[in-house]
Amino acid sequence: METLRGAQLTMSDGTSLITEVVSDEDSHLCLYVLLQDMLKVGDMVVGFEMEWGFKGYSTSSSMSRSGSLSGRQTSDQPIPTPDNNKSETHPTRKIEHHIALLTLCTKLGCVLIRLSPKSISASLKRFLGIKDIVFVGVHVKEDVLKLKEAYGLVIRNCVELSEWAAKIYDHPKFVFYSGRELAHKLIYIKFEPKPYTTLWSNWFDHNLSSEQIECAATDAFAAYKIGKKLMESGATGVKRLFA
């Protein structure tokens, strides 16, 4: 049987987690492997995490000498001066916020999928739409809404773990906890805080660093473990983001 192919990370609880990074258009096989393993072991919980990035482009055809579309001027470029008889031709910079990376974590391992700001593959749409899979995450409302707005994609069986945990344990402050903090409280797995240098790195890079891969995989793994904990405890009152 096919399995994931990629680096193996060791999580804080000793779990060895296989991680594979693919582009959305090449994600079909990985999604198939995940689904087949989930059906085989009877575990339909998927922890997920999304990383956001910025895409910038110029509304003018002008570019800096570095080839950047940021509209910045290099030191050897003349600075335009106002001319009452000519319209100014300053390139206008526009920055847009997009989901750059979607990470899915199951018992088998993690798949990190690089997304395009403009489209999403049919394979990923089908996978996220499978009603028997329970997608669990921490503070994922904005992510899920962005998927709906940007791609018309609705994850109907999606659970916000922070709200569910707050209700089950009657601990309202849980809604403010990060996934790593919540995992420490509920399943006693202590993760290092997410490094800010990694958090603010370029998530659109086609060659993700080992730090980026570990960061994304750790968050998705924490969500998976929390989701399993709450579901196996027999807790009720789960609220899907989209009923």
# chains A, B, ... in the order shown; residues from 1 in each chain; ligands from 1

$ residues_around --residues "segment 197-201 of chain A" --least-positions-apart "3" --cutoff "9 Å" --atoms "only C-alpha atoms" --output "PyMOL selection string"
chain A and resi 51+53+194+204-205+211-212+215

$ write_last_selection --atoms "C-alpha atoms" --output "PDB file, in the first residue's frame"
ATOM      1  CA  GLU A  51      -0.638  29.487   6.926  1.00  0.00           C
ATOM      2  CA  GLY A  53       1.002  34.917   3.155  1.00  0.00           C
ATOM      3  CA  LYS A 194       5.589  28.909  17.473  1.00  0.00           C
ATOM      4  CA  PHE A 204       4.564  31.091  -0.651  1.00  0.00           C
ATOM      5  CA  ASP A 205       8.124  29.857  -1.105  1.00  0.00           C
ATOM      6  CA  GLU A 211      11.519  25.119  10.259  1.00  0.00           C
ATOM      7  CA  GLN A 212       8.412  26.004   8.259  1.00  0.00           C
ATOM      8  CA  CYS A 215       5.948  24.546  12.440  1.00  0.00           C
TER       9      CYS A 215
END

$ residues_around --residues "Ser16 of chain A" --least-positions-apart "4" --cutoff "12 Å" --atoms "only C-alpha atoms" --output "PDB file with all heavy atoms, in the first residue's frame"
ATOM      1  N   GLY A   6       8.349  11.592   2.685  1.00  0.00           N
ATOM      2  CA  GLY A   6       8.898  12.875   3.089  1.00  0.00           C
ATOM      3  C   GLY A   6       9.679  12.744   4.379  1.00  0.00           C
ATOM      4  O   GLY A   6       9.929  11.637   4.872  1.00  0.00           O
ATOM      5  N   ALA A   7      10.059  13.876   4.912  1.00  0.00           N
ATOM      6  CA  ALA A   7      10.846  13.882   6.145  1.00  0.00           C
ATOM      7  C   ALA A   7      10.022  13.354   7.316  1.00  0.00           C
ATOM      8  O   ALA A   7       8.803  13.533   7.366  1.00  0.00           O
ATOM      9  CB  ALA A   7      11.314  15.304   6.442  1.00  0.00           C
ATOM     10  N   GLN A   8      10.701  12.705   8.244  1.00  0.00           N
ATOM     11  CA  GLN A   8      10.046  12.242   9.460  1.00  0.00           C
ATOM     12  C   GLN A   8      10.404  13.185  10.601  1.00  0.00           C
ATOM     13  O   GLN A   8      11.578  13.423  10.873  1.00  0.00           O
ATOM     14  CB  GLN A   8      10.469  10.807   9.795  1.00  0.00           C
ATOM     15  CG  GLN A   8       9.860   9.769   8.875  1.00  0.00           C
ATOM     16  CD  GLN A   8       9.830   8.386   9.519  1.00  0.00           C
ATOM     17  OE1 GLN A   8      10.209   8.218  10.664  1.00  0.00           O
ATOM     18  NE2 GLN A   8       9.364   7.405   8.767  1.00  0.00           N
ATOM     19  N   LEU A   9       9.380  13.703  11.249  1.00  0.00           N
ATOM     20  CA  LEU A   9       9.573  14.588  12.390  1.00  0.00           C
ATOM     21  C   LEU A   9       9.182  13.853  13.665  1.00  0.00           C
ATOM     22  O   LEU A   9       8.251  13.051  13.663  1.00  0.00           O
ATOM     23  CB  LEU A   9       8.709  15.843  12.241  1.00  0.00           C
ATOM     24  CG  LEU A   9       8.897  16.675  10.970  1.00  0.00           C
ATOM     25  CD1 LEU A   9       7.921  17.848  10.969  1.00  0.00           C
ATOM     26  CD2 LEU A   9      10.327  17.176  10.866  1.00  0.00           C
ATOM     27  N   THR A  10       9.879  14.152  14.743  1.00  0.00           N
ATOM     28  CA  THR A  10       9.530  13.567  16.037  1.00  0.00           C
ATOM     29  C   THR A  10       8.810  14.618  16.866  1.00  0.00           C
ATOM     30  O   THR A  10       9.378  15.659  17.190  1.00  0.00           O
ATOM     31  CB  THR A  10      10.783  13.071  16.783  1.00  0.00           C
ATOM     32  OG1 THR A  10      11.464  12.106  15.972  1.00  0.00           O
ATOM     33  CG2 THR A  10      10.399  12.432  18.111  1.00  0.00           C
ATOM     34  N   MET A  11       7.559  14.340  17.193  1.00  0.00           N
ATOM     35  CA  MET A  11       6.769  15.267  17.987  1.00  0.00           C
ATOM     36  C   MET A  11       7.140  15.162  19.472  1.00  0.00           C
ATOM     37  O   MET A  11       7.864  14.251  19.888  1.00  0.00           O
ATOM     38  CB  MET A  11       5.278  14.966  17.799  1.00  0.00           C
ATOM     39  CG  MET A  11       4.770  15.150  16.377  1.00  0.00           C
ATOM     40  SD  MET A  11       4.690  16.889  15.847  1.00  0.00           S
ATOM     41  CE  MET A  11       6.178  17.020  14.832  1.00  0.00           C
ATOM     42  N   SER A  12       6.620  16.090  20.258  1.00  0.00           N
ATOM     43  CA  SER A  12       6.986  16.178  21.677  1.00  0.00           C
ATOM     44  C   SER A  12       6.613  14.929  22.468  1.00  0.00           C
ATOM     45  O   SER A  12       7.230  14.626  23.495  1.00  0.00           O
ATOM     46  CB  SER A  12       6.319  17.397  22.320  1.00  0.00           C
ATOM     47  OG  SER A  12       6.767  18.587  21.711  1.00  0.00           O
ATOM     48  N   LYS A 107      -3.612  10.053  11.369  1.00  0.00           N
ATOM     49  CA  LYS A 107      -2.798   9.074  12.085  1.00  0.00           C
ATOM     50  C   LYS A 107      -1.573   8.678  11.266  1.00  0.00           C
ATOM     51  O   LYS A 107      -0.510   8.386  11.801  1.00  0.00           O
ATOM     52  CB  LYS A 107      -3.639   7.834  12.397  1.00  0.00           C
ATOM     53  CG  LYS A 107      -2.932   6.780  13.224  1.00  0.00           C
ATOM     54  CD  LYS A 107      -3.866   5.617  13.518  1.00  0.00           C
ATOM     55  CE  LYS A 107      -3.165   4.529  14.322  1.00  0.00           C
ATOM     56  NZ  LYS A 107      -2.754   5.000  15.652  1.00  0.00           N
ATOM     57  N   LEU A 108      -1.715   8.707   9.919  1.00  0.00           N
ATOM     58  CA  LEU A 108      -0.620   8.308   9.036  1.00  0.00           C
ATOM     59  C   LEU A 108       0.501   9.327   8.990  1.00  0.00           C
ATOM     60  O   LEU A 108       1.681   8.984   8.972  1.00  0.00           O
ATOM     61  CB  LEU A 108      -1.157   8.074   7.617  1.00  0.00           C
ATOM     62  CG  LEU A 108      -0.135   7.641   6.561  1.00  0.00           C
ATOM     63  CD1 LEU A 108       0.434   6.263   6.901  1.00  0.00           C
ATOM     64  CD2 LEU A 108      -0.770   7.629   5.175  1.00  0.00           C
ATOM     65  N   GLY A 109       0.151  10.608   8.948  1.00  0.00           N
ATOM     66  CA  GLY A 109       1.159  11.653   8.827  1.00  0.00           C
ATOM     67  C   GLY A 109       0.550  12.963   8.382  1.00  0.00           C
ATOM     68  O   GLY A 109      -0.665  13.161   8.471  1.00  0.00           O
ATOM     69  N   CYS A 110       1.401  13.867   7.887  1.00  0.00           N
ATOM     70  CA  CYS A 110       0.966  15.204   7.491  1.00  0.00           C
ATOM     71  C   CYS A 110       1.244  15.452   6.018  1.00  0.00           C
ATOM     72  O   CYS A 110       2.319  15.112   5.517  1.00  0.00           O
ATOM     73  CB  CYS A 110       1.714  16.272   8.295  1.00  0.00           C
ATOM     74  SG  CYS A 110       0.925  16.717   9.835  1.00  0.00           S
ATOM     75  N   ALA A 217       3.389  21.404  10.542  1.00  0.00           N
ATOM     76  CA  ALA A 217       3.038  20.030  10.909  1.00  0.00           C
ATOM     77  C   ALA A 217       2.717  19.928  12.398  1.00  0.00           C
ATOM     78  O   ALA A 217       1.780  19.212  12.794  1.00  0.00           O
ATOM     79  CB  ALA A 217       4.183  19.086  10.547  1.00  0.00           C
ATOM     80  N   THR A 218       3.457  20.626  13.231  1.00  0.00           N
ATOM     81  CA  THR A 218       3.226  20.591  14.676  1.00  0.00           C
ATOM     82  C   THR A 218       1.844  21.125  15.022  1.00  0.00           C
ATOM     83  O   THR A 218       1.118  20.537  15.843  1.00  0.00           O
ATOM     84  CB  THR A 218       4.300  21.398  15.421  1.00  0.00           C
ATOM     85  OG1 THR A 218       5.579  20.811  15.190  1.00  0.00           O
ATOM     86  CG2 THR A 218       4.032  21.423  16.917  1.00  0.00           C
ATOM     87  N   PHE A 221      -0.763  18.616  13.883  1.00  0.00           N
ATOM     88  CA  PHE A 221      -0.697  17.437  14.760  1.00  0.00           C
ATOM     89  C   PHE A 221      -1.371  17.732  16.092  1.00  0.00           C
ATOM     90  O   PHE A 221      -2.115  16.896  16.618  1.00  0.00           O
ATOM     91  CB  PHE A 221       0.763  17.040  14.975  1.00  0.00           C
ATOM     92  CG  PHE A 221       0.963  15.913  15.945  1.00  0.00           C
ATOM     93  CD1 PHE A 221       0.676  14.600  15.577  1.00  0.00           C
ATOM     94  CD2 PHE A 221       1.449  16.148  17.227  1.00  0.00           C
ATOM     95  CE1 PHE A 221       0.855  13.550  16.478  1.00  0.00           C
ATOM     96  CE2 PHE A 221       1.636  15.110  18.130  1.00  0.00           C
ATOM     97  CZ  PHE A 221       1.340  13.805  17.759  1.00  0.00           C
TER      98      PHE A 221
END

$ closest_atom_pairs --of "segment 79-192 of chain A" --to "segment 28-46 of chain A" --cutoff "6 Å" --atoms "only C-alpha atoms" --output "Markdown table"
| residue | atom | partner | partner_atom | distance |
| --- | --- | --- | --- | --- |
| A:Cys105 | CA | A:Val46 | CA | 5.5 |
| A:Thr106 | CA | A:Val46 | CA | 5.1 |
| A:Ser123 | CA | A:His28 | CA | 5.7 |
| A:Ile133 | CA | A:Met44 | CA | 4.9 |
| A:Val134 | CA | A:Val45 | CA | 4.9 |
| A:Phe135 | CA | A:Val46 | CA | 4.8 |

$ write_last_selection --atoms "N, CA and C atoms" --output "PDB file, in the first residue's frame"
ATOM      1  N   CYS A 105      -3.412  16.644   8.835  1.00  0.00           N
ATOM      2  CA  CYS A 105      -2.717  15.659   9.666  1.00  0.00           C
ATOM      3  C   CYS A 105      -3.668  14.538  10.060  1.00  0.00           C
ATOM      4  N   THR A 106      -3.252  13.308   9.813  1.00  0.00           N
ATOM      5  CA  THR A 106      -4.015  12.130  10.216  1.00  0.00           C
ATOM      6  C   THR A 106      -3.095  11.218  11.017  1.00  0.00           C
ATOM      7  N   SER A 123      -9.466  17.764  -6.809  1.00  0.00           N
ATOM      8  CA  SER A 123      -9.143  16.696  -5.850  1.00  0.00           C
ATOM      9  C   SER A 123      -9.246  17.190  -4.418  1.00  0.00           C
ATOM     10  N   ILE A 133     -15.517  12.646   6.992  1.00  0.00           N
ATOM     11  CA  ILE A 133     -14.288  13.133   7.628  1.00  0.00           C
ATOM     12  C   ILE A 133     -14.626  14.292   8.551  1.00  0.00           C
ATOM     13  N   VAL A 134     -14.051  14.284   9.747  1.00  0.00           N
ATOM     14  CA  VAL A 134     -14.222  15.389  10.685  1.00  0.00           C
ATOM     15  C   VAL A 134     -12.934  16.209  10.686  1.00  0.00           C
ATOM     16  N   PHE A 135     -13.009  17.409  10.161  1.00  0.00           N
ATOM     17  CA  PHE A 135     -11.856  18.301  10.117  1.00  0.00           C
ATOM     18  C   PHE A 135     -11.846  19.144  11.389  1.00  0.00           C
TER      19      PHE A 135
END

$ atom_distance --atom1 "atom CA of Tyr224 of chain A" --atom2 "atom CA of Leu161 of chain A"
9.8 Å

$ closest_residue --among "A:Asn157, A:Lys185, A:Leu230, A:Val21" --to "Lys173 of chain A" --atoms "only C-alpha atoms"
A:Lys185

$ select_by_dssp --residues "segment 162-233 of chain A" --states "alpha helix (DSSP H)" --output "NGL selection string"
:A and (162-168 or 179-187 or 196-199 or 210-232)
